Amino acid sequence: MSDIVLETRDIVRDYHIGGGLFGAARTLRAVKGVSLKVEKGKTLAIVGESGCGKSTLARIITMIDPATSGELLIEGEKVDIAQTGLNAEMRRKVQIVFQNPYGSLNPRQRIADVLAEPLIINTDMPAGERRDRAMQMLLKVGLAPEHFGRYPHMFSGGQRQRIAIARALMLNPTLLVLDEPVSALDLSVQAQVLNLLADLQEEFGLTYVFISHDLSVVRYIADDVMVMYFGEAVEYGSRDEVFSNPQHEYTRTLFAATPRADIDSIRARVARREKARENA
Amino acid sequence: MAGTNAQIGTASAATKGQRRAMLAEFWYYFSQNRGAVIGLYVFVAIVIIAVLAPLIAPHSPSLQNRGSFLVPPVWETGGDWRFLLGTDAVGRDILSRLIYGARFSLFIGAVVVTLSVSIGVIIGLIAGYFRGWVDTVITRVMDIILAFPSLLLALVLVAILGPGLLNAMIAIALVLQPHFVRLTRAAVMSEKTRDYVTAARVAGAGNIRLMFRTILPNCLAPLIVQATLSFSSAILDAAALGFLGMGAQPPTPEWGTMLAEAREFILRAWWVVTFPGIAILVTVLAINLMGDGLRDALDPKLKRS
């Protein structure tokens, strides 16, 4: 199994800012030459603080925004949307799930239409078959048939994220970009959605690019981990390598800053606090 | 609790009789607003009156009854049962003229709103969606139009096109349409950055589909309110143009024109001025109330679930 689904070589993305009445225009380099490879069926997690270029990279991989320079290869095929545009075939291969489940569903579309829309646009499947496919997918992500005719505002955040995942899977993509898919959900729902993602990956042989700032989530789901810091990939390796032996200073800071919630560390913390109180 | 029950009812029925359930849901939210329901009833009544004008009106609107000039309404001394709301200076029955005038007012409102909404929404959609120089050109032109006092601009346009009801309607539509352009542009710009639009694009939707199917339906709520308000302001502007002698020409029984003809009798015969004025007021108020209720009912974001 060494099919490379996604490969990027020195991806760079610049944003041009300003040039307004006051102050000259300047260029902000959001992503500074990131190279990565993801094999079929694996999960690459991209970790970093807010504003480090994770989401920009996600949008480039999903072919929403073009890269300023560098190469993007999907299943070995080179893609450059700035130059040649994008055909429907390529578009189907990569889909995305957004962070905010409240903004990613059209408030005026029933769930049935949300799920059927990708099929309407990309295939000439008859309406009845579209409906069946949409219903199957709805059941697969753990929702019930009676949810089919409802509007997004009738759902909770976790349910909406399931719908967003179902929509992304309607076109049988090979690569799914998950842009902080569980950051807006509470802890118990996070676990449900992560388990759902793991099940779906196994069933459909999906490849994930999982963007997150939450290390405990990353540790659970990732095969490989990339740490980004101010647009640069400062650490890239398998999960165990990165977690057991972080090379870069920033990665170590990041691990140290993660709140620890296991029983032992809580006991240790309580003991330390009591000792401090006795001394005082 | 009746509210939540109705909600569950409409939701589960949606899969079966979709069209009917949607209508029921719409009516449920619309009827929450008492003012809107009253506005709707009044508006429907005006529409019925306008449609059935030849059957309802006791006299012809242009028939001049000799010997009964400026007859006061029935409840005043000297009133005549043949003329319930009195007659004007040349002996025409005011009630009949008001009934026929409803036709003109609704016609003006409908034509002006259709014209300005369809043109304004498309221009605004293009400006907000494509941005760049297209947007700059469009907004500048609209800013220039908005910088004129609306009635004055309409007056100038009518002066150029020539007085008459049709030209007045075109002029008013042109004056009202920048509001729709601005409103649509602003709504499109804020909706365009939302994730669901990006998701639709990732699913392969093209520009036209994104503009009309994905973004536009989510911008409709403010447009509906603006459209109803414009319906009433079109009636008002047409009446004002008529009053200034630039709109409908006499002897057309248009409410504004009636006011203009009655100007010199304000002190002597109050009914000649008051009743057309009240007709305009009631119509405009009913439509405005209705517009408010429509917004509540049509916007899923305002629904409590």
# chains A, B, ... in the order shown; residues from 1 in each chain; ligands from 1

call {"tool": "closest_atom_pairs", "arguments": {"of": "chain A", "to": "chain B", "cutoff": "6 Å", "atoms": "only C-alpha atoms", "output": "JSON lines"}}
result
{"residue": "A:Gly103", "atom": "CA", "partner": "B:Asp195", "partner_atom": "CA", "distance": 5.5}
{"residue": "A:Ser104", "atom": "CA", "partner": "B:Tyr196", "partner_atom": "CA", "distance": 4.1}
{"residue": "A:Leu105", "atom": "CA", "partner": "B:Tyr196", "partner_atom": "CA", "distance": 5.0}
{"residue": "A:Asn106", "atom": "CA", "partner": "B:Tyr196", "partner_atom": "CA", "distance": 5.5}
{"residue": "A:Pro118", "atom": "CA", "partner": "B:Ala203", "partner_atom": "CA", "distance": 5.2}
{"residue": "A:Gly149", "atom": "CA", "partner": "B:Thr15", "partner_atom": "CA", "distance": 5.6}

call {"tool": "write_last_selection", "arguments": {"atoms": "N, CA, C and O atoms", "output": "PDB file, in the first residue's frame"}}
result
ATOM      1  N   GLY A 103     -22.169  27.241   9.944  1.00  0.00           N
ATOM      2  CA  GLY A 103     -22.049  28.034   8.725  1.00  0.00           C
ATOM      3  C   GLY A 103     -21.926  27.199   7.470  1.00  0.00           C
ATOM      4  O   GLY A 103     -21.996  27.717   6.371  1.00  0.00           O
ATOM      5  N   SER A 104     -21.732  25.878   7.633  1.00  0.00           N
ATOM      6  CA  SER A 104     -21.374  25.097   6.461  1.00  0.00           C
ATOM      7  C   SER A 104     -22.581  24.451   5.779  1.00  0.00           C
ATOM      8  O   SER A 104     -22.431  23.794   4.771  1.00  0.00           O
ATOM      9  N   LEU A 105     -23.781  24.652   6.348  1.00  0.00           N
ATOM     10  CA  LEU A 105     -24.975  24.121   5.691  1.00  0.00           C
ATOM     11  C   LEU A 105     -25.858  25.289   5.259  1.00  0.00           C
ATOM     12  O   LEU A 105     -26.064  26.227   6.022  1.00  0.00           O
ATOM     13  N   ASN A 106     -26.368  25.213   4.053  1.00  0.00           N
ATOM     14  CA  ASN A 106     -27.242  26.256   3.536  1.00  0.00           C
ATOM     15  C   ASN A 106     -28.554  26.263   4.331  1.00  0.00           C
ATOM     16  O   ASN A 106     -29.281  25.282   4.328  1.00  0.00           O
ATOM     17  N   PRO A 118     -24.636  17.633  -4.615  1.00  0.00           N
ATOM     18  CA  PRO A 118     -23.447  17.204  -5.360  1.00  0.00           C
ATOM     19  C   PRO A 118     -23.779  16.257  -6.505  1.00  0.00           C
ATOM     20  O   PRO A 118     -23.163  16.319  -7.568  1.00  0.00           O
ATOM     21  N   GLY A 149     -36.227  15.383   5.767  1.00  0.00           N
ATOM     22  CA  GLY A 149     -36.935  16.546   5.242  1.00  0.00           C
ATOM     23  C   GLY A 149     -36.757  17.805   6.069  1.00  0.00           C
ATOM     24  O   GLY A 149     -37.442  18.789   5.855  1.00  0.00           O
TER      25      GLY A 149
END

call {"tool": "select_by_dssp", "arguments": {"residues": "stretch 194-227 of chain A", "states": "alpha helix (DSSP H)", "output": "PyMOL selection string"}}
result
chain A and resi 194-204+215-221

call {"tool": "residues_around", "arguments": {"residues": "A:Glu180", "least_positions_apart": "6", "cutoff": "8 Å", "atoms": "only C-alpha atoms", "output": "compact mmCIF listing (two decimals) with all heavy atoms, in the first residue's frame"}}
result
# COMPACT_ATOMS: atom_id res chain seq x y z
N PHE A 98 -15.91 21.52 7.07
CA PHE A 98 -15.46 22.75 7.70
C PHE A 98 -15.56 22.69 9.21
O PHE A 98 -16.22 21.85 9.79
CB PHE A 98 -16.27 23.93 7.19
CG PHE A 98 -16.00 24.25 5.76
CD1 PHE A 98 -16.88 23.85 4.77
CD2 PHE A 98 -14.87 24.94 5.40
CE1 PHE A 98 -16.63 24.14 3.45
CE2 PHE A 98 -14.61 25.24 4.08
CZ PHE A 98 -15.49 24.84 3.11
N GLN A 99 -14.90 23.68 9.82
CA GLN A 99 -14.87 23.74 11.28
C GLN A 99 -16.23 24.07 11.88
O GLN A 99 -16.68 23.41 12.80
CB GLN A 99 -13.86 24.81 11.71
CG GLN A 99 -13.89 25.09 13.19
CD GLN A 99 -12.85 26.12 13.59
OE1 GLN A 99 -12.25 26.78 12.75
NE2 GLN A 99 -12.63 26.24 14.87
N PHE A 210 -6.21 15.89 8.33
CA PHE A 210 -6.96 16.29 9.51
C PHE A 210 -6.28 17.49 10.14
O PHE A 210 -5.14 17.40 10.60
CB PHE A 210 -6.99 15.12 10.49
CG PHE A 210 -7.95 15.30 11.63
CD1 PHE A 210 -9.20 14.74 11.59
CD2 PHE A 210 -7.57 16.03 12.75
CE1 PHE A 210 -10.08 14.89 12.64
CE2 PHE A 210 -8.45 16.19 13.81
CZ PHE A 210 -9.71 15.61 13.74
N ILE A 211 -6.97 18.61 10.13
CA ILE A 211 -6.36 19.83 10.65
C ILE A 211 -6.89 20.10 12.03
O ILE A 211 -8.10 20.00 12.27
CB ILE A 211 -6.65 20.99 9.68
CG1 ILE A 211 -5.96 20.65 8.39
CG2 ILE A 211 -6.21 22.30 10.27
CD1 ILE A 211 -6.02 21.68 7.37
N SER A 212 -6.01 20.37 12.95
CA SER A 212 -6.48 20.50 14.33
C SER A 212 -5.49 21.31 15.15
O SER A 212 -4.34 21.50 14.76
CB SER A 212 -6.62 19.11 14.95
OG SER A 212 -7.10 19.24 16.27
N HIS A 213 -5.94 21.81 16.29
CA HIS A 213 -4.99 22.36 17.24
C HIS A 213 -5.04 21.55 18.52
O HIS A 213 -4.39 21.88 19.51
CB HIS A 213 -5.29 23.84 17.51
CG HIS A 213 -6.67 24.07 18.03
ND1 HIS A 213 -7.64 24.69 17.28
CD2 HIS A 213 -7.23 23.75 19.20
CE1 HIS A 213 -8.75 24.72 17.99
NE2 HIS A 213 -8.52 24.16 19.15

call {"tool": "residues_around", "arguments": {"residues": "stretch 129-138 of chain A", "least_positions_apart": "2", "cutoff": "6 Å", "atoms": "only C-alpha atoms", "output": "count of residues only"}}
result
8

call {"tool": "residues_around", "arguments": {"residues": "stretch 72-88 of chain B", "least_positions_apart": "6", "cutoff": "12 Å", "atoms": "only C-alpha atoms", "output": "ChimeraX atom specification"}}
result
/B:57-66,94-99,253,258-266,268-276

call {"tool": "residues_around", "arguments": {"residues": "A:Arg92", "least_positions_apart": "4", "cutoff": "10 Å", "atoms": "only C-alpha atoms", "output": "number ranges by chain"}}
result
A: 87-88, 118, 122, 168-175; B: 202-204

call {"tool": "residues_around", "arguments": {"residues": "A:Lys54", "least_positions_apart": "5", "cutoff": "8 Å", "atoms": "only C-alpha atoms", "output": "list of chain:residue names"}}
result
A:Ile46, A:Val47, A:Gly48, A:Ile211, A:Met228, A:Gly231

call {"tool": "closest_residue", "arguments": {"among": "A:Thr8, A:Gln109, A:Thr258, A:Asn100", "to": "A:Pro152", "atoms": "only C-alpha atoms"}}
result
A:Gln109

call {"tool": "atom_distance", "arguments": {"atom1": "atom CA of A:Arg13", "atom2": "atom CA of A:Val209"}}
result
18.4 Å

call {"tool": "closest_residue", "arguments": {"among": "A:Arg252, A:Met63, A:Pro145, A:Ala257", "to": "A:Asp214", "atoms": "only C-alpha atoms"}}
result
A:Ala257

call {"tool": "decode", "arguments": {"residues": "stretch 127-147 of chain B", "atoms": "N, CA and C atoms", "output": "PDB file, in the first residue's frame"}}
result
ATOM      1  N   ALA B 127     -22.759  42.655  -8.963  1.00  0.00           N
ATOM      2  CA  ALA B 127     -21.785  43.499  -8.268  1.00  0.00           C
ATOM      3  C   ALA B 127     -21.199  42.788  -7.061  1.00  0.00           C
ATOM      4  N   GLY B 128     -22.073  42.175  -6.251  1.00  0.00           N
ATOM      5  CA  GLY B 128     -21.611  41.550  -5.020  1.00  0.00           C
ATOM      6  C   GLY B 128     -20.851  40.265  -5.261  1.00  0.00           C
ATOM      7  N   TYR B 129     -21.187  39.575  -6.347  1.00  0.00           N
ATOM      8  CA  TYR B 129     -20.559  38.282  -6.570  1.00  0.00           C
ATOM      9  C   TYR B 129     -19.202  38.421  -7.238  1.00  0.00           C
ATOM     10  N   PHE B 130     -19.115  39.287  -8.263  1.00  0.00           N
ATOM     11  CA  PHE B 130     -17.861  39.356  -9.016  1.00  0.00           C
ATOM     12  C   PHE B 130     -16.883  40.382  -8.471  1.00  0.00           C
ATOM     13  N   ARG B 131     -17.388  41.358  -7.701  1.00  0.00           N
ATOM     14  CA  ARG B 131     -16.540  42.424  -7.159  1.00  0.00           C
ATOM     15  C   ARG B 131     -15.689  43.068  -8.248  1.00  0.00           C
ATOM     16  N   GLY B 132     -14.487  43.553  -7.875  1.00  0.00           N
ATOM     17  CA  GLY B 132     -13.582  44.140  -8.863  1.00  0.00           C
ATOM     18  C   GLY B 132     -14.148  45.404  -9.494  1.00  0.00           C
ATOM     19  N   TRP B 133     -13.751  45.661 -10.741  1.00  0.00           N
ATOM     20  CA  TRP B 133     -14.140  46.922 -11.372  1.00  0.00           C
ATOM     21  C   TRP B 133     -15.635  46.958 -11.675  1.00  0.00           C
ATOM     22  N   VAL B 134     -16.247  45.799 -11.947  1.00  0.00           N
ATOM     23  CA  VAL B 134     -17.689  45.764 -12.208  1.00  0.00           C
ATOM     24  C   VAL B 134     -18.436  46.363 -11.027  1.00  0.00           C
ATOM     25  N   ASP B 135     -18.025  45.906  -9.848  1.00  0.00           N
ATOM     26  CA  ASP B 135     -18.641  46.368  -8.614  1.00  0.00           C
ATOM     27  C   ASP B 135     -18.461  47.874  -8.453  1.00  0.00           C
ATOM     28  N   THR B 136     -17.235  48.345  -8.696  1.00  0.00           N
ATOM     29  CA  THR B 136     -16.944  49.767  -8.530  1.00  0.00           C
ATOM     30  C   THR B 136     -17.835  50.613  -9.435  1.00  0.00           C
ATOM     31  N   VAL B 137     -17.909  50.231 -10.695  1.00  0.00           N
ATOM     32  CA  VAL B 137     -18.728  50.997 -11.646  1.00  0.00           C
ATOM     33  C   VAL B 137     -20.184  51.012 -11.188  1.00  0.00           C
ATOM     34  N   ILE B 138     -20.715  49.833 -10.864  1.00  0.00           N
ATOM     35  CA  ILE B 138     -22.135  49.744 -10.496  1.00  0.00           C
ATOM     36  C   ILE B 138     -22.431  50.571  -9.248  1.00  0.00           C
ATOM     37  N   THR B 139     -21.588  50.412  -8.204  1.00  0.00           N
ATOM     38  CA  THR B 139     -21.898  51.154  -6.966  1.00  0.00           C
ATOM     39  C   THR B 139     -21.790  52.658  -7.180  1.00  0.00           C
ATOM     40  N   ARG B 140     -20.833  53.093  -7.978  1.00  0.00           N
ATOM     41  CA  ARG B 140     -20.729  54.541  -8.208  1.00  0.00           C
ATOM     42  C   ARG B 140     -21.987  55.068  -8.873  1.00  0.00           C
ATOM     43  N   VAL B 141     -22.429  54.372  -9.925  1.00  0.00           N
ATOM     44  CA  VAL B 141     -23.641  54.816 -10.631  1.00  0.00           C
ATOM     45  C   VAL B 141     -24.829  54.861  -9.672  1.00  0.00           C
ATOM     46  N   MET B 142     -24.944  53.821  -8.841  1.00  0.00           N
ATOM     47  CA  MET B 142     -26.067  53.776  -7.903  1.00  0.00           C
ATOM     48  C   MET B 142     -25.961  54.894  -6.869  1.00  0.00           C
ATOM     49  N   ASP B 143     -24.733  55.183  -6.443  1.00  0.00           N
ATOM     50  CA  ASP B 143     -24.542  56.281  -5.484  1.00  0.00           C
ATOM     51  C   ASP B 143     -24.995  57.600  -6.093  1.00  0.00           C
ATOM     52  N   ILE B 144     -24.695  57.777  -7.378  1.00  0.00           N
ATOM     53  CA  ILE B 144     -25.103  59.021  -8.043  1.00  0.00           C
ATOM     54  C   ILE B 144     -26.625  59.121  -8.076  1.00  0.00           C
ATOM     55  N   ILE B 145     -27.281  58.018  -8.421  1.00  0.00           N
ATOM     56  CA  ILE B 145     -28.751  58.037  -8.470  1.00  0.00           C
ATOM     57  C   ILE B 145     -29.316  58.328  -7.083  1.00  0.00           C
ATOM     58  N   LEU B 146     -28.707  57.704  -6.063  1.00  0.00           N
ATOM     59  CA  LEU B 146     -29.216  57.888  -4.702  1.00  0.00           C
ATOM     60  C   LEU B 146     -28.964  59.304  -4.185  1.00  0.00           C
ATOM     61  N   ALA B 147     -27.991  59.993  -4.766  1.00  0.00           N
ATOM     62  CA  ALA B 147     -27.669  61.331  -4.281  1.00  0.00           C
ATOM     63  C   ALA B 147     -28.755  62.340  -4.641  1.00  0.00           C
TER      64      ALA B 147
END
